[in-house]
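What follows is the content of input-v1.csv (CSV, C-alpha atoms).
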chain,number,residue,atom,x,y,z
A,22,MET,CA,34.8,110.6,36.3
A,23,ILE,CA,31.9,108.3,36.9
A,24,ASP,CA,28.3,109.5,36.6
A,25,VAL,CA,26.6,108.0,39.7
A,26,GLU,CA,23.5,108.6,41.6
A,27,THR,CA,24.1,110.5,44.9
A,28,THR,CA,20.9,112.5,45.3
A,29,GLY,CA,19.8,110.2,48.1
A,30,PHE,CA,22.8,111.3,50.2
A,31,ASP,CA,23.1,114.6,52.0
A,32,PRO,CA,26.8,115.0,53.1
A,33,SER,CA,26.0,118.2,55.1
A,34,THR,CA,23.9,116.2,57.5
A,35,ALA,CA,25.1,112.6,57.1
A,36,VAL,CA,27.0,110.9,60.0
A,37,ARG,CA,29.1,108.0,58.6
A,38,ARG,CA,32.6,106.5,58.6
A,39,PHE,CA,34.4,105.4,55.5
A,40,ARG,CA,37.6,103.3,55.3
A,41,ILE,CA,40.1,104.1,52.5
A,42,GLY,CA,43.2,102.0,51.8
A,43,ALA,CA,46.1,103.4,49.8
A,44,PRO,CA,49.9,103.4,49.6
A,45,ASP,CA,51.2,106.0,52.1
A,46,ALA,CA,52.6,108.1,49.3
A,47,ALA,CA,49.1,108.5,47.8
A,48,ILE,CA,47.7,109.1,51.3
A,49,SER,CA,50.2,112.0,51.9
A,50,VAL,CA,49.2,113.6,48.5
A,51,MET,CA,45.4,113.1,48.6
A,52,VAL,CA,44.1,112.8,52.2
A,53,PRO,CA,44.9,116.4,53.4
A,54,LYS,CA,42.9,117.7,50.4
A,55,LEU,CA,40.1,115.3,51.1
A,56,VAL,CA,40.0,116.2,54.8
A,57,GLU,CA,39.8,119.9,54.0
A,58,ARG,CA,36.9,119.2,51.7
A,59,LEU,CA,35.0,117.2,54.2
A,60,GLU,CA,35.5,119.7,57.0
A,61,ALA,CA,33.8,122.3,54.8
A,62,SER,CA,31.0,120.3,53.3
A,63,ALA,CA,30.5,117.1,55.3
A,64,PRO,CA,31.3,117.7,59.0
A,65,GLY,CA,29.7,114.4,60.1
A,66,ILE,CA,31.8,112.2,57.8
A,67,ASP,CA,34.8,110.4,59.4
A,68,LEU,CA,37.6,108.7,57.6
A,69,ALA,CA,39.7,105.7,58.6
A,70,ILE,CA,42.9,105.5,56.4
A,71,THR,CA,44.8,102.3,56.2
A,72,THR,CA,48.1,101.6,54.3
A,73,LEU,CA,48.1,99.3,51.3
A,74,LEU,CA,51.4,97.9,49.9
A,75,PRO,CA,51.9,95.2,47.3
A,76,ARG,CA,52.3,91.7,48.5
A,77,PRO,CA,56.0,91.1,49.3
A,78,GLY,CA,57.9,89.2,46.6
A,79,ALA,CA,55.1,89.3,44.1
A,80,LEU,CA,56.4,90.2,40.7
A,81,ASP,CA,53.1,89.8,38.9
A,82,ARG,CA,51.0,93.0,39.5
A,83,ASP,CA,47.7,91.1,39.6
A,84,GLU,CA,49.0,89.0,42.5
A,85,ALA,CA,50.8,92.0,44.1
A,86,TRP,CA,47.5,93.9,44.7
A,87,ARG,CA,45.1,90.9,45.1
A,88,GLY,CA,45.0,91.5,48.9
A,89,ALA,CA,43.7,95.1,48.4
A,90,PHE,CA,40.8,93.9,46.2
A,91,ALA,CA,40.0,91.2,48.7
A,92,GLU,CA,39.8,93.9,51.4
A,93,ILE,CA,37.1,95.7,49.3
A,94,GLU,CA,35.1,92.6,48.9
A,95,SER,CA,35.2,91.6,52.6
A,96,GLY,CA,34.2,95.1,53.6
A,97,GLY,CA,37.5,95.8,55.3
A,98,ILE,CA,37.9,99.0,53.2
A,99,THR,CA,35.3,101.0,51.3
A,100,LEU,CA,37.6,102.2,48.6
A,101,ALA,CA,41.2,101.4,47.5
A,102,ILE,CA,43.7,103.7,45.8
A,103,VAL,CA,46.1,101.5,43.9
A,104,PRO,CA,48.4,101.6,40.8
A,105,HIS,CA,46.9,98.5,39.2
A,106,PRO,CA,43.3,97.6,38.2
A,107,PRO,CA,41.6,94.4,39.2
A,108,SER,CA,40.8,92.1,36.3
A,109,GLU,CA,37.3,91.2,37.7
A,110,LYS,CA,34.3,93.1,36.3
A,111,ARG,CA,32.6,93.3,39.7
A,112,PHE,CA,34.9,96.3,40.5
A,113,HIS,CA,34.6,99.8,39.3
A,114,VAL,CA,37.8,101.6,38.5
A,115,SER,CA,38.3,105.4,38.2
A,116,ARG,CA,41.5,107.0,37.0
A,117,LEU,CA,42.9,109.6,39.4
A,118,TYR,CA,46.3,110.7,38.1
A,119,PHE,CA,49.5,109.5,36.4
A,120,GLU,CA,52.3,108.6,38.7
A,121,ASP,CA,56.0,107.8,38.0
A,122,PHE,CA,59.1,107.4,40.1
A,123,VAL,CA,62.1,109.8,40.5
A,124,ILE,CA,65.4,109.6,42.3
A,125,VAL,CA,65.5,111.4,45.6
A,126,SER,CA,68.6,112.3,47.6
A,127,ARG,CA,69.5,114.9,50.2
A,128,ARG,CA,69.9,118.3,48.7
A,129,ASP,CA,73.8,118.3,48.7
A,130,HIS,CA,74.3,114.7,47.8
A,131,PRO,CA,77.2,114.0,45.5
A,132,LEU,CA,74.9,112.0,43.2
A,133,GLY,CA,73.9,115.3,41.7
A,134,LYS,CA,71.0,116.4,39.5
A,135,SER,CA,71.8,114.2,36.6
A,136,PRO,CA,73.1,110.9,37.9
A,137,THR,CA,74.5,108.2,35.6
A,138,LEU,CA,73.1,104.7,35.8
A,139,LYS,CA,76.3,103.4,37.4
A,140,ALA,CA,76.4,106.2,40.0
A,141,PHE,CA,72.8,105.5,40.9
A,142,ALA,CA,73.5,101.8,41.2
A,143,ASP,CA,76.7,102.4,43.3
A,144,ALA,CA,74.8,104.6,45.9
A,145,ARG,CA,73.4,103.3,49.2
A,146,HIS,CA,69.7,102.8,48.8
A,147,VAL,CA,66.6,102.9,50.9
A,148,LEU,CA,63.7,100.6,49.9
A,149,VAL,CA,60.1,100.7,51.0
A,150,SER,CA,59.1,97.2,51.9
A,151,ALA,CA,56.5,96.1,54.4
A,152,SER,CA,58.3,92.8,55.0
A,153,GLY,CA,61.9,94.0,54.9
A,154,ASP,CA,62.5,92.1,51.6
A,155,ARG,CA,65.4,93.7,49.8
A,156,TRP,CA,64.3,93.2,46.2
A,157,GLY,CA,62.1,95.7,44.3
A,158,PHE,CA,61.3,96.7,40.8
A,159,VAL,CA,64.4,98.9,40.6
A,160,ASP,CA,66.6,95.9,41.2
A,161,GLN,CA,64.9,94.0,38.4
A,162,MET,CA,65.6,97.0,36.0
A,163,LEU,CA,69.2,97.3,37.1
A,164,ALA,CA,69.7,93.6,36.6
A,165,GLU,CA,68.7,94.1,33.0
A,166,HIS,CA,71.7,96.4,32.7
A,167,GLY,CA,74.0,94.0,34.4
A,168,LEU,CA,74.0,96.1,37.6
A,169,GLU,CA,72.9,95.7,41.2
A,170,ARG,CA,72.6,98.0,44.1
A,171,ARG,CA,73.1,97.8,47.9
A,172,ILE,CA,69.9,98.2,50.0
A,173,ALA,CA,71.3,99.7,53.1
A,174,LEU,CA,67.9,100.3,54.7
A,175,THR,CA,64.3,99.0,54.3
A,176,VAL,CA,61.4,100.8,55.9
A,177,PRO,CA,57.6,100.2,55.8
A,178,SER,CA,56.6,103.6,54.4
A,179,PHE,CA,57.6,106.3,51.9
A,180,PHE,CA,57.5,109.0,54.6
A,181,MET,CA,60.1,107.1,56.7
A,182,ALA,CA,62.1,106.7,53.5
A,183,VAL,CA,62.2,110.4,52.7
A,184,SER,CA,63.0,111.3,56.3
A,185,ALA,CA,66.0,108.9,56.2
A,186,ILE,CA,67.1,110.2,52.8
A,187,ALA,CA,67.1,113.9,54.0
A,188,SER,CA,69.5,113.2,56.8
A,189,SER,CA,71.9,110.7,55.3
A,190,ASP,CA,73.8,109.6,52.1
A,191,LEU,CA,70.9,107.2,51.2
A,192,VAL,CA,69.0,107.6,47.9
A,193,GLY,CA,65.7,106.2,46.9
A,194,ALA,CA,63.2,105.8,44.1
A,195,LEU,CA,60.0,107.5,45.2
A,196,PRO,CA,56.7,108.5,43.6
A,197,ARG,CA,57.0,111.9,41.9
A,198,HIS,CA,53.9,113.5,43.4
A,199,PHE,CA,54.9,112.4,46.9
A,200,ALA,CA,58.5,113.6,46.4
A,201,GLU,CA,57.4,117.0,45.2
A,202,GLN,CA,55.2,117.4,48.2
A,203,ALA,CA,58.0,116.2,50.6
A,204,GLN,CA,60.4,118.7,49.1
A,205,ARG,CA,58.4,121.4,50.9
A,206,ASP,CA,59.3,120.0,54.3
A,207,PHE,CA,62.6,118.1,53.7
A,208,ALA,CA,66.0,119.3,52.3
A,209,ILE,CA,65.9,116.8,49.4
A,210,ARG,CA,66.8,116.9,45.7
A,211,ILE,CA,64.6,115.3,43.0
A,212,ALA,CA,66.4,113.9,39.9
A,213,GLU,CA,65.1,112.2,36.8
A,214,PRO,CA,66.1,108.6,36.7
A,215,PRO,CA,68.8,107.4,34.2
A,216,MET,CA,66.6,104.5,33.1
A,217,ASP,CA,63.0,103.8,32.5
A,218,MET,CA,61.2,103.3,35.8
A,219,LEU,CA,57.8,102.0,36.9
A,220,SER,CA,55.0,104.3,35.9
A,221,SER,CA,51.2,103.9,36.0
A,222,ASP,CA,47.9,105.6,36.5
A,223,LEU,CA,46.8,105.8,40.1
A,224,LEU,CA,43.3,104.4,40.4
A,225,ALA,CA,40.3,104.4,42.8
A,226,VAL,CA,38.7,101.0,43.1
A,227,VAL,CA,35.3,100.2,44.6
A,228,SER,CA,32.9,97.4,44.3
A,229,ARG,CA,30.2,98.0,41.7
A,230,ALA,CA,27.6,96.7,44.1
A,231,ALA,CA,28.7,99.2,46.7
A,232,LEU,CA,28.0,102.1,44.3
A,233,LEU,CA,24.3,101.4,44.9
A,234,ASP,CA,25.0,103.1,48.3
A,235,HIS,CA,24.7,106.8,47.5
A,236,GLY,CA,27.1,107.6,50.3
A,237,ILE,CA,29.9,105.5,48.8
A,238,ALA,CA,29.1,106.9,45.3
A,239,TRP,CA,29.5,110.4,46.8
A,240,LEU,CA,32.8,109.4,48.5
A,241,LEU,CA,34.1,108.2,45.1
A,242,GLN,CA,33.2,111.5,43.6
A,243,GLN,CA,35.1,113.4,46.3
A,244,VAL,CA,38.2,111.3,45.7
A,245,GLU,CA,38.0,111.9,42.0
A,246,GLU,CA,37.6,115.6,42.4
A,247,VAL,CA,40.5,116.2,44.8
A,248,ALA,CA,42.8,114.2,42.5
A,249,ALA,CA,41.8,116.3,39.4

Take the structure from the file and write it as structure tokens.
Amino acid sequence: MIDVETTGFDPSTAVRRFRIGAPDAAISVMVPKLVERLEASAPGIDLAITTLLPRPGALDRDEAWRGAFAEIESGGITLAIVPHPPSEKRFHVSRLYFEDFVIVSRRDHPLGKSPTLKAFADARHVLVSASGDRWGFVDQMLAEHGLERRIALTVPSFFMAVSAIASSDLVGALPRHFAEQAQRDFAIRIAEPPMDMLSSDLLAVVSRAALLDHGIAWLLQQVEEVAA
């Protein structure tokens, strides 16, 4: 957690609006807690939440998330929550929590609790893709094992993916924290993947120059604390 100066900002009386960008899975996990906190201690603070997804087709992670960092610099968003850090030193990065992917299917799906790699590959899959592109990191990993999968559905959000999974034979690779939360509302099963899948720390990214604004420094602290 960063030690920043926030004494010039009084959240109990401040009237401001901050824009946060994040993948919708992280939004579902973190924003309800953040809203609850602001209702109690900062009633004049409003949030605008926008969805961030990696650039379609980008296999290099720097390139995949470059658009998010450009949004911070342009002032389009105040703070980004992303799974990859910028390389430029003009950004400040705070670690929020570790995230990895699990296999999600409807509760009575024949894939079961311990799917084999071949059974996983043979299933009908849903893929989260903003552009409708049918190639993701799972396909790259399956190809290394000489396997491929059928993408039967692409959707632009993880919430839409889990909704489709719960009511069909589709399966999907979804972030663990999001899947565990979704399990409270959807009849889904979470299984450990039969191969190594993408994992990373989830990070809060802001411009270092922006931290001179005590209100933005305070916002970063709130995001760090609800993620702890």

> Quick one: residues within 12 Å of stretch 48-64 of chain A, all atoms listed in the file counted, chain neighbours fewer than 4 positions away excluded, as number ranges by chain?
Replying inline: A: 30-44, 68-74, 101-103, 117-118, 120, 178-180, 196-203, 223, 225, 236, 239-249

Suppose we keep C-alpha atoms; can you now write the selection as a JSON list (two decimals), in the frame of the given file?
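To be explicit, this is the file written out as result-v4.json:
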[["chain", "number", "residue", "atom", "x", "y", "z"],
["A", 30, "PHE", "CA", 22.80, 111.30, 50.20],
["A", 31, "ASP", "CA", 23.10, 114.60, 52.00],
["A", 32, "PRO", "CA", 26.80, 115.00, 53.10],
["A", 33, "SER", "CA", 26.00, 118.20, 55.10],
["A", 34, "THR", "CA", 23.90, 116.20, 57.50],
["A", 35, "ALA", "CA", 25.10, 112.60, 57.10],
["A", 36, "VAL", "CA", 27.00, 110.90, 60.00],
["A", 37, "ARG", "CA", 29.10, 108.00, 58.60],
["A", 38, "ARG", "CA", 32.60, 106.50, 58.60],
["A", 39, "PHE", "CA", 34.40, 105.40, 55.50],
["A", 40, "ARG", "CA", 37.60, 103.30, 55.30],
["A", 41, "ILE", "CA", 40.10, 104.10, 52.50],
["A", 42, "GLY", "CA", 43.20, 102.00, 51.80],
["A", 43, "ALA", "CA", 46.10, 103.40, 49.80],
["A", 44, "PRO", "CA", 49.90, 103.40, 49.60],
["A", 68, "LEU", "CA", 37.60, 108.70, 57.60],
["A", 69, "ALA", "CA", 39.70, 105.70, 58.60],
["A", 70, "ILE", "CA", 42.90, 105.50, 56.40],
["A", 71, "THR", "CA", 44.80, 102.30, 56.20],
["A", 72, "THR", "CA", 48.10, 101.60, 54.30],
["A", 73, "LEU", "CA", 48.10, 99.30, 51.30],
["A", 74, "LEU", "CA", 51.40, 97.90, 49.90],
["A", 101, "ALA", "CA", 41.20, 101.40, 47.50],
["A", 102, "ILE", "CA", 43.70, 103.70, 45.80],
["A", 103, "VAL", "CA", 46.10, 101.50, 43.90],
["A", 117, "LEU", "CA", 42.90, 109.60, 39.40],
["A", 118, "TYR", "CA", 46.30, 110.70, 38.10],
["A", 120, "GLU", "CA", 52.30, 108.60, 38.70],
["A", 178, "SER", "CA", 56.60, 103.60, 54.40],
["A", 179, "PHE", "CA", 57.60, 106.30, 51.90],
["A", 180, "PHE", "CA", 57.50, 109.00, 54.60],
["A", 196, "PRO", "CA", 56.70, 108.50, 43.60],
["A", 197, "ARG", "CA", 57.00, 111.90, 41.90],
["A", 198, "HIS", "CA", 53.90, 113.50, 43.40],
["A", 199, "PHE", "CA", 54.90, 112.40, 46.90],
["A", 200, "ALA", "CA", 58.50, 113.60, 46.40],
["A", 201, "GLU", "CA", 57.40, 117.00, 45.20],
["A", 202, "GLN", "CA", 55.20, 117.40, 48.20],
["A", 203, "ALA", "CA", 58.00, 116.20, 50.60],
["A", 223, "LEU", "CA", 46.80, 105.80, 40.10],
["A", 225, "ALA", "CA", 40.30, 104.40, 42.80],
["A", 236, "GLY", "CA", 27.10, 107.60, 50.30],
["A", 239, "TRP", "CA", 29.50, 110.40, 46.80],
["A", 240, "LEU", "CA", 32.80, 109.40, 48.50],
["A", 241, "LEU", "CA", 34.10, 108.20, 45.10],
["A", 242, "GLN", "CA", 33.20, 111.50, 43.60],
["A", 243, "GLN", "CA", 35.10, 113.40, 46.30],
["A", 244, "VAL", "CA", 38.20, 111.30, 45.70],
["A", 245, "GLU", "CA", 38.00, 111.90, 42.00],
["A", 246, "GLU", "CA", 37.60, 115.60, 42.40],
["A", 247, "VAL", "CA", 40.50, 116.20, 44.80],
["A", 248, "ALA", "CA", 42.80, 114.20, 42.50],
["A", 249, "ALA", "CA", 41.80, 116.30, 39.40]]

> Mind pulling up the distance from atom CA of A:Leu168 to atom CA of A:Lys139?
Replying inline: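 So the two atoms, atom CA of A:Lys139 and atom CA of A:Leu168, lie 7.7 Å apart.
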
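Taking atom CA of A:Ile172 as the reference point, atom CA of A:Val125 is found at 14.6 Å.
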
>> List as a list in words the protein and nucleic acid residues near A:Val123, meaning an atom at most 12 Å away when all atoms listed in the file are counted, but skip any in the same chain fewer than 6 places from it.
In response: Lys134, Ser135, Pro136, Phe141, Val159, Val192, Gly193, Ala194, Leu195, Pro196, Arg197, His198, Phe199, Ala200, Glu201, Ile209, Arg210, Ile211, Ala212, Glu213, Pro214, Pro215, Met216, Asp217, Met218, Leu219 and Ser220 of chain A

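Picture a line from atom CA of A:His235 to atom CA of A:Arg116; it runs 19.8 Å.
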
>> Neighbouring residues of A:Arg155 were defined as those with any atom within 10 Å, considering all atoms listed in the file; residues of the same chain fewer than 4 positions away were excluded. Please report them as a VMD selection string.
In response: chain A and resid 77 to 78 147 to 150 160 171 to 175

> Leaving out A:Lys110 and any residue of its chain fewer than 5 positions from it, which residues lie within 12 Å of it when counting all atoms listed in the file, given as JSON, numbers by chain?
Replying inline: {"A": [90, 226, 227, 228, 229, 230]}

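Closest to A:Ala85 among A:His113, A:His146, A:Ile186, A:Gly157 is A:Gly157, based on only C-alpha atoms.
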
> With distances taken over only C-alpha atoms, which of A:Glu165, A:Arg76, A:Trp86, A:Ser221 is nearest to A:Asp121?
Replying inline: A:Ser221
